[in-house]
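Below is the file input.cif, which contains mmCIF, C-alpha atoms (C1' of nucleotides).
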```cif
data_final
#
loop_
_atom_site.label_atom_id
_atom_site.label_comp_id
_atom_site.auth_asym_id
_atom_site.auth_seq_id
_atom_site.Cartn_x
_atom_site.Cartn_y
_atom_site.Cartn_z
CA MET A 218 -13.51 -3.54 11.79
CA SER A 219 -17.19 -4.29 11.83
CA ALA A 220 -16.46 -4.08 8.16
CA ALA A 221 -16.27 -7.65 7.03
CA LEU A 222 -18.75 -8.55 9.68
CA GLY A 223 -21.65 -7.15 7.75
CA LEU A 224 -20.50 -8.65 4.52
CA ASP A 225 -19.74 -12.00 6.08
CA THR A 226 -23.08 -12.38 7.75
CA ARG A 227 -24.76 -11.97 4.42
CA LEU A 228 -22.76 -14.74 2.86
CA THR A 229 -24.41 -17.70 4.50
CA ASP A 230 -24.73 -19.68 1.31
CA ASP A 231 -22.41 -22.67 1.13
CA HIS A 232 -21.27 -21.61 -2.30
CA HIS A 233 -19.75 -18.55 -0.68
CA GLU A 234 -17.68 -20.48 1.84
CA SER A 235 -14.40 -19.67 0.09
CA LEU A 236 -15.34 -16.04 -0.27
CA ARG A 237 -16.14 -15.81 3.39
CA LEU A 238 -12.82 -17.39 4.29
CA TRP A 239 -11.03 -14.93 2.06
CA LEU A 240 -12.74 -11.94 3.67
CA ARG A 241 -11.80 -13.21 7.11
CA LEU A 242 -8.19 -13.64 6.07
CA LEU A 243 -8.10 -10.16 4.64
CA THR A 244 -9.68 -8.54 7.68
CA CYS A 245 -7.45 -10.27 10.22
CA THR A 246 -4.35 -9.45 8.23
CA HIS A 247 -5.31 -5.81 7.90
CA LEU A 248 -6.03 -5.51 11.61
CA VAL A 249 -2.70 -6.98 12.64
CA GLU A 250 -0.85 -4.99 10.02
CA ALA A 251 -2.38 -1.74 11.17
CA HIS A 252 -1.44 -2.44 14.76
CA VAL A 253 2.16 -3.38 13.94
CA ARG A 254 2.59 -0.48 11.54
CA LYS A 255 1.52 2.00 14.19
CA ALA A 256 3.71 0.43 16.84
CA LEU A 257 6.76 0.43 14.55
CA ALA A 258 6.15 4.08 13.69
CA LYS A 259 5.67 5.09 17.29
CA GLU A 260 8.44 3.08 18.94
CA PHE A 261 11.07 3.00 16.21
CA LYS A 262 10.14 5.64 13.64
CA THR A 263 10.19 3.01 10.93
CA THR A 264 7.82 1.11 8.69
CA LEU A 265 6.66 -2.44 8.19
CA PRO A 266 8.32 -2.96 4.77
CA ARG A 267 11.66 -1.78 6.15
CA PHE A 268 11.33 -4.06 9.14
CA ASP A 269 10.40 -6.90 6.82
CA LEU A 270 13.37 -6.35 4.58
CA MET A 271 15.73 -6.24 7.53
CA ALA A 272 14.18 -9.45 8.83
CA GLN A 273 15.01 -11.16 5.54
CA LEU A 274 18.61 -9.98 5.72
CA GLU A 275 18.97 -11.03 9.33
CA ARG A 276 18.36 -14.62 8.30
CA ALA A 277 20.96 -14.41 5.52
CA PRO A 278 24.21 -13.23 7.05
CA HIS A 279 26.09 -13.74 3.78
CA GLY A 280 23.77 -11.23 2.09
CA LEU A 281 20.97 -11.40 -0.47
CA GLN A 282 20.60 -10.20 -4.02
CA MET A 283 17.93 -7.60 -4.72
CA GLY A 284 15.96 -10.12 -6.73
CA GLU A 285 16.08 -12.65 -3.95
CA LEU A 286 14.76 -10.04 -1.53
CA SER A 287 12.02 -9.24 -3.99
CA ARG A 288 10.97 -12.90 -4.25
CA ARG A 289 11.04 -13.49 -0.52
CA MET A 290 9.06 -10.36 0.28
CA LEU A 291 6.52 -11.04 -2.49
CA VAL A 292 6.97 -7.56 -3.92
CA THR A 293 8.33 -6.25 -7.20
CA GLY A 294 11.96 -5.40 -7.82
CA GLY A 295 11.40 -1.70 -8.20
CA ASN A 296 9.87 -1.63 -4.79
CA VAL A 297 12.91 -3.28 -3.20
CA THR A 298 15.17 -0.70 -4.81
CA GLY A 299 13.37 2.10 -2.98
CA ILE A 300 13.33 0.45 0.41
CA VAL A 301 16.98 -0.59 0.19
CA ASP A 302 17.85 2.98 -0.83
CA GLN A 303 16.31 4.34 2.33
CA LEU A 304 17.83 1.78 4.66
CA GLU A 305 21.22 2.31 3.03
CA ARG A 306 20.92 6.06 3.49
CA GLY A 307 20.19 5.35 7.15
CA GLY A 308 23.32 3.24 7.48
CA LEU A 309 21.41 0.07 8.35
CA LEU A 310 22.56 -1.96 5.34
CA VAL A 311 25.03 -1.85 2.47
CA ARG A 312 25.05 -2.96 -1.14
CA THR A 313 28.25 -4.93 -1.72
CA GLU A 314 29.49 -6.27 -5.05
CA ASP A 315 28.53 -9.80 -5.89
CA PRO A 316 31.82 -11.43 -6.91
CA ALA A 317 29.94 -13.96 -9.00
CA ASP A 318 27.79 -11.54 -11.05
CA ARG A 319 28.67 -7.97 -11.86
CA ARG A 320 25.05 -7.04 -12.47
CA ALA A 321 24.05 -7.97 -8.94
CA TYR A 322 24.61 -6.70 -5.42
CA LEU A 323 24.74 -8.60 -2.21
CA VAL A 324 22.78 -6.60 0.32
CA LYS A 325 23.89 -7.02 3.94
CA LEU A 326 22.93 -5.54 7.28
CA THR A 327 25.56 -3.34 8.90
CA LYS A 328 26.48 -3.83 12.53
CA GLU A 329 24.16 -0.95 13.40
CA GLY A 330 21.45 -2.58 11.31
CA ARG A 331 21.79 -5.85 13.19
CA ARG A 332 21.77 -4.07 16.52
CA LEU A 333 18.63 -2.10 15.72
CA PHE A 334 16.86 -5.05 14.18
CA GLY A 335 17.53 -7.08 17.29
CA GLN A 336 15.74 -4.50 19.39
CA MET A 337 12.84 -4.20 16.99
CA ALA A 338 12.39 -7.92 16.54
CA ALA A 339 12.09 -8.50 20.26
CA GLU A 340 9.41 -5.84 20.60
CA HIS A 341 7.66 -7.01 17.46
CA GLU A 342 7.44 -10.54 18.75
CA SER A 343 5.84 -9.41 21.96
CA TRP A 344 3.29 -7.29 20.09
CA ILE A 345 2.29 -10.27 17.99
CA ALA A 346 2.12 -12.55 21.00
CA LYS A 347 -0.15 -10.08 22.75
CA LEU A 348 -2.42 -9.67 19.74
CA PHE A 349 -2.87 -13.42 19.44
CA SER A 350 -2.94 -14.10 23.16
CA GLY A 351 -6.68 -14.70 23.26
CA ILE A 352 -6.43 -17.68 20.92
CA PRO A 353 -5.41 -20.95 22.57
CA LYS A 354 -2.02 -22.17 21.52
CA ARG A 355 -3.50 -25.40 20.21
CA GLU A 356 -5.83 -23.46 17.96
CA GLN A 357 -3.00 -21.22 16.81
CA ARG A 358 -1.04 -24.27 15.79
CA ALA A 359 -3.99 -25.73 13.90
CA LEU A 360 -4.59 -22.42 12.16
CA ALA A 361 -0.96 -22.17 11.13
CA GLU A 362 -1.05 -25.69 9.74
CA SER A 363 -4.16 -25.06 7.69
CA LEU A 364 -2.59 -21.91 6.37
CA THR A 365 0.55 -23.80 5.48
CA ARG A 366 -1.53 -26.12 3.31
CA LEU A 367 -3.31 -23.14 1.82
CA ARG A 368 0.01 -21.50 1.06
CA GLY A 369 1.14 -24.64 -0.72
CA GLN A 370 -2.04 -24.66 -2.74
CA LEU A 371 -1.65 -21.00 -3.62
CA THR A 372 1.96 -21.22 -4.69
CA ARG A 373 1.18 -24.24 -6.85
CA GLU A 374 -1.84 -22.42 -8.29
CA THR A 375 0.00 -19.17 -8.98
CA PRO A 376 3.66 -19.88 -9.73
CA MET B 1204 16.87 -17.84 38.04
CA SER B 1205 16.48 -21.25 36.49
CA ALA B 1206 12.75 -21.16 37.18
CA ALA B 1207 12.48 -17.83 35.44
CA LEU B 1208 14.59 -19.17 32.62
CA GLY B 1209 12.27 -22.09 32.08
CA LEU B 1210 9.30 -19.79 32.03
CA ASP B 1211 11.11 -17.53 29.65
CA THR B 1212 11.83 -20.18 27.10
CA ARG B 1213 8.26 -21.40 27.27
CA LEU B 1214 7.00 -17.88 26.67
CA THR B 1215 9.42 -17.52 23.83
CA ASP B 1216 8.05 -20.68 22.25
CA ASP B 1217 4.57 -19.25 22.52
CA HIS B 1218 5.83 -16.08 20.96
CA HIS B 1219 7.30 -18.00 18.09
CA GLU B 1220 4.08 -19.91 17.58
CA SER B 1221 2.16 -16.67 17.21
CA LEU B 1222 4.82 -15.22 15.00
CA ARG B 1223 4.66 -18.26 12.75
CA LEU B 1224 0.91 -17.94 12.51
CA TRP B 1225 1.22 -14.27 11.68
CA LEU B 1226 3.71 -14.88 8.89
CA ARG B 1227 1.44 -17.54 7.39
CA LEU B 1228 -1.52 -15.20 7.49
CA LEU B 1229 0.48 -12.49 5.81
CA THR B 1230 1.84 -14.74 3.10
CA CYS B 1231 -1.50 -16.30 2.21
CA THR B 1232 -3.17 -12.92 2.09
CA HIS B 1233 -0.47 -11.48 -0.13
CA LEU B 1234 -0.66 -14.42 -2.52
CA VAL B 1235 -4.42 -14.21 -2.91
CA GLU B 1236 -4.32 -10.43 -3.16
CA ALA B 1237 -1.71 -10.53 -5.90
CA HIS B 1238 -3.75 -13.02 -7.88
CA VAL B 1239 -6.99 -11.07 -7.56
CA ARG B 1240 -5.32 -7.74 -8.26
CA LYS B 1241 -3.86 -9.07 -11.50
CA ALA B 1242 -7.12 -10.65 -12.56
CA LEU B 1243 -9.09 -7.46 -11.87
CA ALA B 1244 -6.56 -5.44 -13.84
CA LYS B 1245 -6.56 -7.86 -16.75
CA GLU B 1246 -10.27 -8.62 -17.01
CA PHE B 1247 -11.82 -5.34 -15.87
CA LYS B 1248 -9.05 -2.71 -15.95
CA THR B 1249 -9.74 -1.90 -12.33
CA THR B 1250 -8.16 -2.32 -8.92
CA LEU B 1251 -8.84 -4.17 -5.70
CA PRO B 1252 -9.62 -1.06 -3.59
CA ARG B 1253 -12.14 0.12 -6.16
CA PHE B 1254 -13.76 -3.28 -6.30
CA ASP B 1255 -13.83 -3.33 -2.52
CA LEU B 1256 -15.46 0.05 -2.27
CA MET B 1257 -18.10 -0.89 -4.81
CA ALA B 1258 -18.76 -4.09 -2.87
CA GLN B 1259 -19.50 -2.03 0.22
CA LEU B 1260 -21.90 0.20 -1.68
CA GLU B 1261 -23.65 -2.76 -3.28
CA ARG B 1262 -24.83 -3.93 0.11
CA ALA B 1263 -26.08 -0.46 1.05
CA PRO B 1264 -28.58 0.62 -1.59
CA HIS B 1265 -29.53 3.71 0.39
CA GLY B 1266 -25.92 4.88 0.20
CA LEU B 1267 -23.05 5.27 2.64
CA GLN B 1268 -21.24 8.24 4.10
CA MET B 1269 -17.55 8.61 3.32
CA GLY B 1270 -16.67 7.95 6.94
CA GLU B 1271 -18.73 4.80 7.01
CA LEU B 1272 -16.94 3.56 3.90
CA SER B 1273 -13.66 4.36 5.57
CA ARG B 1274 -14.55 2.36 8.68
CA ARG B 1275 -15.82 -0.61 6.74
CA MET B 1276 -12.83 -0.76 4.46
CA LEU B 1277 -10.38 -0.32 7.32
CA VAL B 1278 -8.65 2.58 5.61
CA THR B 1279 -8.33 6.28 6.39
CA GLY B 1280 -10.75 8.92 5.19
CA GLY B 1281 -8.32 10.64 2.89
CA ASN B 1282 -7.86 7.40 1.09
CA VAL B 1283 -11.58 6.98 0.51
CA THR B 1284 -11.77 10.48 -0.96
CA GLY B 1285 -9.35 9.52 -3.73
CA ILE B 1286 -10.98 6.23 -4.62
CA VAL B 1287 -14.48 7.73 -4.65
CA ASP B 1288 -13.15 10.55 -6.86
CA GLN B 1289 -11.98 8.09 -9.44
CA LEU B 1290 -15.09 5.95 -9.43
CA GLU B 1291 -17.21 9.08 -9.65
CA ARG B 1292 -15.18 10.31 -12.62
CA GLY B 1293 -15.84 6.92 -14.23
CA GLY B 1294 -19.58 7.28 -13.68
CA LEU B 1295 -19.82 4.24 -11.43
CA LEU B 1296 -21.03 6.10 -8.34
CA VAL B 1297 -22.31 9.49 -7.25
CA ARG B 1298 -21.99 11.65 -4.17
CA THR B 1299 -25.48 12.78 -3.18
CA GLU B 1300 -26.38 15.22 -0.44
CA ASP B 1301 -27.16 13.74 2.93
CA PRO B 1302 -30.46 15.36 3.94
CA ALA B 1303 -29.64 14.78 7.61
CA ASP B 1304 -26.16 16.34 7.65
CA ARG B 1305 -24.92 19.02 5.32
CA ARG B 1306 -21.29 18.11 5.96
CA ALA B 1307 -21.76 14.60 4.65
CA TYR B 1308 -22.45 12.86 1.37
CA LEU B 1309 -24.30 9.69 0.72
CA VAL B 1310 -22.31 7.78 -1.84
CA LYS B 1311 -24.34 5.48 -4.09
CA LEU B 1312 -23.64 3.22 -7.02
CA THR B 1313 -25.10 4.33 -10.33
CA LYS B 1314 -27.03 1.89 -12.48
CA GLU B 1315 -23.89 1.40 -14.55
CA GLY B 1316 -21.93 0.85 -11.35
CA ARG B 1317 -24.33 -1.86 -10.20
CA ARG B 1318 -24.25 -3.53 -13.58
CA LEU B 1319 -20.46 -3.59 -13.75
CA PHE B 1320 -20.10 -4.68 -10.14
CA GLY B 1321 -22.43 -7.58 -10.78
CA GLN B 1322 -20.19 -8.84 -13.54
CA MET B 1323 -17.03 -8.37 -11.51
CA ALA B 1324 -18.42 -9.98 -8.38
CA ALA B 1325 -19.38 -13.14 -10.23
CA GLU B 1326 -15.92 -13.50 -11.74
CA HIS B 1327 -14.27 -12.61 -8.47
CA GLU B 1328 -16.13 -15.31 -6.64
CA SER B 1329 -15.06 -17.92 -9.14
CA TRP B 1330 -11.42 -16.84 -8.88
CA ILE B 1331 -11.55 -17.18 -5.11
CA ALA B 1332 -13.30 -20.54 -5.28
CA LYS B 1333 -10.62 -21.80 -7.64
CA LEU B 1334 -7.76 -20.52 -5.49
CA PHE B 1335 -9.16 -22.27 -2.43
CA SER B 1336 -10.36 -25.35 -4.26
CA GLY B 1337 -7.58 -27.55 -2.93
CA ILE B 1338 -8.76 -27.09 0.65
CA PRO B 1339 -11.72 -29.25 1.69
CA LYS B 1340 -14.90 -27.32 2.44
CA ARG B 1341 -14.91 -28.62 5.99
CA GLU B 1342 -11.42 -27.29 6.58
CA GLN B 1343 -12.32 -23.99 4.98
CA ARG B 1344 -15.21 -23.67 7.37
CA ALA B 1345 -13.01 -24.46 10.36
CA LEU B 1346 -10.41 -21.97 9.20
CA ALA B 1347 -13.02 -19.26 8.77
CA GLU B 1348 -14.36 -19.92 12.25
CA SER B 1349 -10.93 -19.69 13.84
CA LEU B 1350 -10.35 -16.47 11.98
CA THR B 1351 -13.66 -15.14 13.19
CA ARG B 1352 -12.52 -15.66 16.77
CA LEU B 1353 -9.21 -14.06 15.94
CA ARG B 1354 -10.98 -11.10 14.40
CA GLY B 1355 -13.03 -10.69 17.54
CA GLN B 1356 -9.89 -10.79 19.62
CA LEU B 1357 -8.18 -8.25 17.39
CA THR B 1358 -11.03 -5.77 17.34
CA ARG B 1359 -11.29 -5.98 21.11
CA GLU B 1360 -7.51 -5.60 21.39
CA THR B 1361 -7.23 -2.64 19.01
CA PRO B 1362 -10.26 -0.38 19.36
"C1'" DC C 1339 -28.04 32.06 22.02
"C1'" DT C 1340 -23.22 31.53 21.98
"C1'" DG C 1341 -18.85 29.75 22.24
"C1'" DA C 1342 -16.22 25.41 22.73
"C1'" DT C 1343 -15.69 21.06 20.93
"C1'" DA C 1344 -16.56 17.23 18.00
"C1'" DT C 1345 -17.54 15.34 13.44
"C1'" DG C 1346 -17.39 14.78 8.14
"C1'" DC C 1347 -14.63 15.46 4.51
"C1'" DT C 1348 -10.59 17.11 1.77
"C1'" DT C 1349 -5.81 18.36 1.13
"C1'" DT C 1350 -0.89 17.79 1.66
"C1'" DA C 1351 3.36 15.40 2.32
"C1'" DT C 1352 5.47 11.13 2.34
"C1'" DG C 1353 5.98 6.18 1.78
"C1'" DT C 1354 4.65 1.75 -0.47
"C1'" DC C 1355 3.42 -0.85 -4.42
"C1'" DT C 1356 2.79 -2.30 -9.41
"C1'" DA C 1357 3.67 -2.61 -14.36
"C1'" DA C 1358 6.39 -1.39 -17.95
"C1'" DA C 1359 10.36 0.55 -20.08
"C1'" DC C 1360 15.23 1.00 -19.65
"C1'" DT C 1361 20.56 -0.24 -18.94
"C1'" DA C 1362 24.01 -3.52 -18.17
"C1'" DT C 1363 25.69 -8.08 -17.88
"C1'" DT C 1364 25.34 -13.00 -18.56
"C1'" DG C 1365 24.95 -17.22 -20.91
"C1'" DA C 1366 23.45 -20.26 -24.51
"C1'" DC C 1367 24.21 -21.61 -29.08
"C1'" DA C 1368 24.88 -21.64 -34.04
"C1'" DT D 868 33.22 -16.07 -31.69
"C1'" DG D 869 29.28 -13.15 -32.42
"C1'" DT D 870 24.47 -12.82 -31.70
"C1'" DC D 871 20.65 -12.49 -28.91
"C1'" DA D 872 17.37 -13.84 -25.46
"C1'" DA D 873 17.28 -13.96 -20.45
"C1'" DT D 874 18.44 -11.96 -16.07
"C1'" DA D 875 19.75 -8.20 -12.32
"C1'" DG D 876 18.74 -3.89 -11.16
"C1'" DT D 877 16.82 0.88 -11.74
"C1'" DT D 878 13.58 4.32 -13.27
"C1'" DT D 879 9.03 6.11 -14.34
"C1'" DA D 880 4.11 6.95 -14.01
"C1'" DG D 881 0.23 6.11 -11.52
"C1'" DA D 882 -2.61 4.10 -7.74
"C1'" DC D 883 -3.04 3.29 -2.83
"C1'" DA D 884 -2.10 4.18 2.00
"C1'" DT D 885 -1.13 6.91 6.25
"C1'" DA D 886 -0.91 11.01 9.40
"C1'" DA D 887 -1.69 15.52 10.14
"C1'" DA D 888 -3.61 19.92 9.17
"C1'" DG D 889 -7.46 22.55 7.49
"C1'" DC D 890 -12.47 23.88 6.41
"C1'" DA D 891 -17.36 23.54 7.10
"C1'" DT D 892 -21.10 22.05 9.80
"C1'" DA D 893 -23.19 19.95 14.12
"C1'" DT D 894 -23.83 19.59 18.83
"C1'" DC D 895 -23.81 20.63 23.46
"C1'" DA D 896 -23.05 23.40 27.88
"C1'" DG D 897 -23.90 27.28 30.08
#
```
Represent the structure contained in this file as structure tokens.
Amino acid sequence: MSAALGLDTRLTDDHHESLRLWLRLLTCTHLVEAHVRKALAKEFKTTLPRFDLMAQLERAPHGLQMGELSRRMLVTGGNVTGIVDQLERGGLLVRTEDPADRRAYLVKLTKEGRRLFGQMAAEHESWIAKLFSGIPKREQRALAESLTRLRGQLTRETP
Amino acid sequence: MSAALGLDTRLTDDHHESLRLWLRLLTCTHLVEAHVRKALAKEFKTTLPRFDLMAQLERAPHGLQMGELSRRMLVTGGNVTGIVDQLERGGLLVRTEDPADRRAYLVKLTKEGRRLFGQMAAEHESWIAKLFSGIPKREQRALAESLTRLRGQLTRETP
DNA sequence: CTGATATGCTTTATGTCTAAACTATTGACA
DNA sequence: TGTCAATAGTTTAGACATAAAGCATATCAG
């Protein structure tokens, strides 16, 4: 945690401004991730990737193809296969045939999956709110907007 | 009841604002990470965690204990063991005895490790600069400052 | 000095992630 | 229509990550 602090303080040169920003991004993300991962494990015996995948499905009631899940989660296809396998074994989602393409599945939450995700999402939101509670809402909004521009830049840069 | 309801919806909005910020952070970090990971693999046949570990050692010429590496990199000790093993096998660092504590090592870059890291760090910095080049320096600085406050909040929140 | 406890590191079991190779289906096109 | 590249998904091998248990050494209280 004092990790990037040491590195950052050394990078006072203006040429390193981007590098410093990147290290801050990385550190903040890791800190939040660690907190959420532990909370999900403790409270729900589950993991962040599984929660993430369920969150994607929640927003797509008609189901998503594996590849679409992969793109939205920014992970590779093989990875999605494994996570879907586990959630399917747990009865939280199902692979259904895609009537339009016999190579593809449409992955959908089960009723139990929706029920459980509802519980988890509510808790998750309150964890996040608490973690960010020391930052004024105005600043949070400004941060989010800057990051939106950055995201646009990054997706244009790396298609 | 209606008073509580109004408060509730306002809190929920705040929650969503934080959640939005968190998702942006995560997405931007993943995009940059993916880019850097691929570049490190392609140009130097190495990985981000190894690069990261070497970066920590570079700033500590007298060497670092495994546990200190673990704390600075925000990962568990067992993880550091594996990465140090690989870099040691590759001749890029050495475990030396800690004269002050016979349980501990001091891990140090070798001359070859310093040489290689120098090359990688220069390239790495230019990749990052390019990825962030669409964001004005002034905005980058503001972003980094906001993230510094957030980092402070997070390390206080999750000790 | 001695025993209890804490610390530094490694090992193990499990889960996540990538890249690359593989199977099956689709779709374009000559 | 027959061919063949592209696409959807899975599998494989290997690296990274955690938590938890284990071993060796330090440290401290009595």
Return as lines of an AutoDock Vina configuration file the centre and edge lengths, in Å with one decimal, of the box along x, y and z that encloses every atom of segment 310-328 of chain A in the file, padded by 6 Å per side.
```
center_x = 27.2
center_y = -7.9
center_z = 0.0
size_x = 21.3
size_y = 24.1
size_z = 37.0
```
| Expressed in Å to a single decimal, how great is the separation between atom CA of Gly1293 of chain B and atom CA of Met1323 of chain B? | 15.6 Å
| If we count all atoms listed in the file, what is near segment 1252-1267 of chain B at a cut-off of 10 Å, once residues fewer than 3 positions away on the same chain are taken out, given as an MDAnalysis selection string? | (chainID A and resid 220:221 223:224 227) or (chainID B and resid 1240 1243 1247 1249 1270:1273 1275:1276 1278 1282:1283 1286:1287 1289:1290 1295:1299 1301 1307:1312 1316:1317 1319:1321 1323:1324 1327) or (chainID D and resid 882:883)
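Among B:Arg1292, B:Arg1227, B:Arg1306, B:His1238, the residue with the shortest atom-to-atom distance to chain C, counting all atoms listed in the file, is B:Arg1306.
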| task | Give as a ChimeraX atom specification the residues that the PyMOL selection byres ((chain A) within 8 of (chain B)) matches when applied to the coordinates above. | result | /A:218-221,224,233-239,241-249,252,291,342-343,345-346,348-349,351-352,354,356-358,360-361,363-368,370-372,374-375
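For the pair chain B and chain A, the all-Cα root-mean-square deviation following least-squares superposition comes to 6.7 Å.
Residues matched by the PyMOL selection byres ((chain C and resi 1347-1361) around 7) in this file: Asn296 of chain A; Gly1281 of chain B; DG1346 and DA1362 of chain C.
Interatomic distance, atom CA of Thr293 of chain A against atom C1' of DG876 of chain D: 11.4 Å.
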| message | Env of segment 1363-1368 of chain C: 12 Å cut, atoms = only C-alpha atoms (C1' of nucleotides), seq-sep filter 4 positions within chain, self excluded. Answer as a list in words. | response | Ala317, Asp318, Arg319, Arg320 and Ala321 of chain A; DT868, DG869, DT870, DC871, DA872, DA873, DT874, DA875 and DG876 of chain D
| task | Give me the residues within 10 Å of DC895 of chain D as a list of chain:residue names, counting only C-alpha atoms (C1' of nucleotides) and dropping any in the same chain fewer than 4 places off. | result | C:DA1342, C:DT1343, C:DA1344
| query | Which chain D residues are at most 10 Å from chain B (counting all atoms listed in the file), as a count of residues only? | reply | 8
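Separating atom CA of Thr327 of chain A from atom CA of Lys259 of chain A is a distance of 23.2 Å.
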| Which residue of A:Glu305, A:Lys328, A:Gln336, A:Thr298 approaches chain C most closely, using all atoms listed in the file | A:Thr298
